[in-house]
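Please read the structure below before turning to the comments.
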Amino acid sequence: MPECIKCGDEYNPKRKQLGYHTCLECGGIDAKVEMARKAKCTAPAFNKGAYQYVGNRQAALGIGR
């Protein structure tokens, strides 16, 4: 059985085959942190436009042009 790299608990080997290295609980905590970070990475693409996700620096430089 594979062990979680964060808490050391064992988790399902099928999860390991999918490429995850954490148990469901630790993975859920990481996902919540990532969701909060990505929620701050939005900007309007143009005046009166809808907000869209800005994933990297190049995208941020091109917003509003």
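In the structure tokens, each chain is lettered A, B, ... as it comes, each chain's residues begin at 1, and ligands are numbered from 1 in order of appearance.
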Would you list the contacts of Pro2 (chain A) as JSON, numbers by chain, taking every protein, DNA or RNA residue within 8 Å and counting only C-alpha atoms, but skipping same-chain residues closer than 6 positions in sequence? {"A": [10, 11, 12, 13, 16]}
Which of chain A end up as strand (DSSP E) when DSSP is run on this backbone - answer as number ranges by chain? A: 42-44, 51-53
Any chance you could export the current selection's C-alpha atoms as a CSV table (one decimal), in the first residue's frame?
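Okay, this is what ended up in result_6.csv:
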chain,number,residue,atom,x,y,z
A,42,THR,CA,-9.2,36.7,-12.5
A,43,ALA,CA,-9.5,39.9,-14.4
A,44,PRO,CA,-11.8,41.5,-17.0
A,51,TYR,CA,-14.0,38.1,-15.8
A,52,GLN,CA,-11.7,35.3,-17.0
A,53,TYR,CA,-8.9,33.3,-15.4
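Looking only at chain A, the set that DSSP places in helix (DSSP H, G or I) from backbone geometry is Pro13, Lys14, Arg15, Lys16, Gln17, Leu24, Glu25, Cys26, Gly27, Gly28, Ile29, Asp30, Ala31, Lys32, Val33, Glu34, Met35, Ala36, Arg37, Lys38, Ala39, Arg57, Gln58, Ala59, Ala60, Leu61 and Gly62 of chain A.
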Give me the residues within 10 Å of Cys41 (chain A) as a PyMOL selection string, counting only C-alpha atoms and dropping any in the same chain fewer than 3 places off. chain A and resi 36-38+51-56+60
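In this model, the gap between CA of Glu34 (chain A) and CA of Cys7 (chain A) comes to 18.7 Å.
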Point-to-point distance from CA of Cys26 (chain A) to CA of Glu3 (chain A), Å rounded to tenths: 11.6 Å
Could you list, as a PyMOL selection string, every residue within 6 Å of Thr22 (chain A), counting only C-alpha atoms and ignoring same-chain residues fewer than 3 positions away? chain A and resi 4-5+26-27
Restricted to N, CA and C atoms, what would the selected residues look like written as a tab-separated table (two decimals), in the first residue's frame?
chain	number	residue	atom	x	y	z
A	4	CYS	N	0.89	8.25	2.05
A	4	CYS	CA	0.72	9.68	1.76
A	4	CYS	C	2.01	10.42	2.11
A	5	ILE	N	2.44	11.33	1.24
A	5	ILE	CA	3.68	12.07	1.48
A	5	ILE	C	3.48	13.17	2.52
A	26	CYS	N	-5.72	14.73	2.56
A	26	CYS	CA	-4.65	15.71	2.28
A	26	CYS	C	-4.83	16.32	0.89
A	27	GLY	N	-5.27	15.52	-0.06
A	27	GLY	CA	-5.53	16.02	-1.40
A	27	GLY	C	-6.66	17.03	-1.41
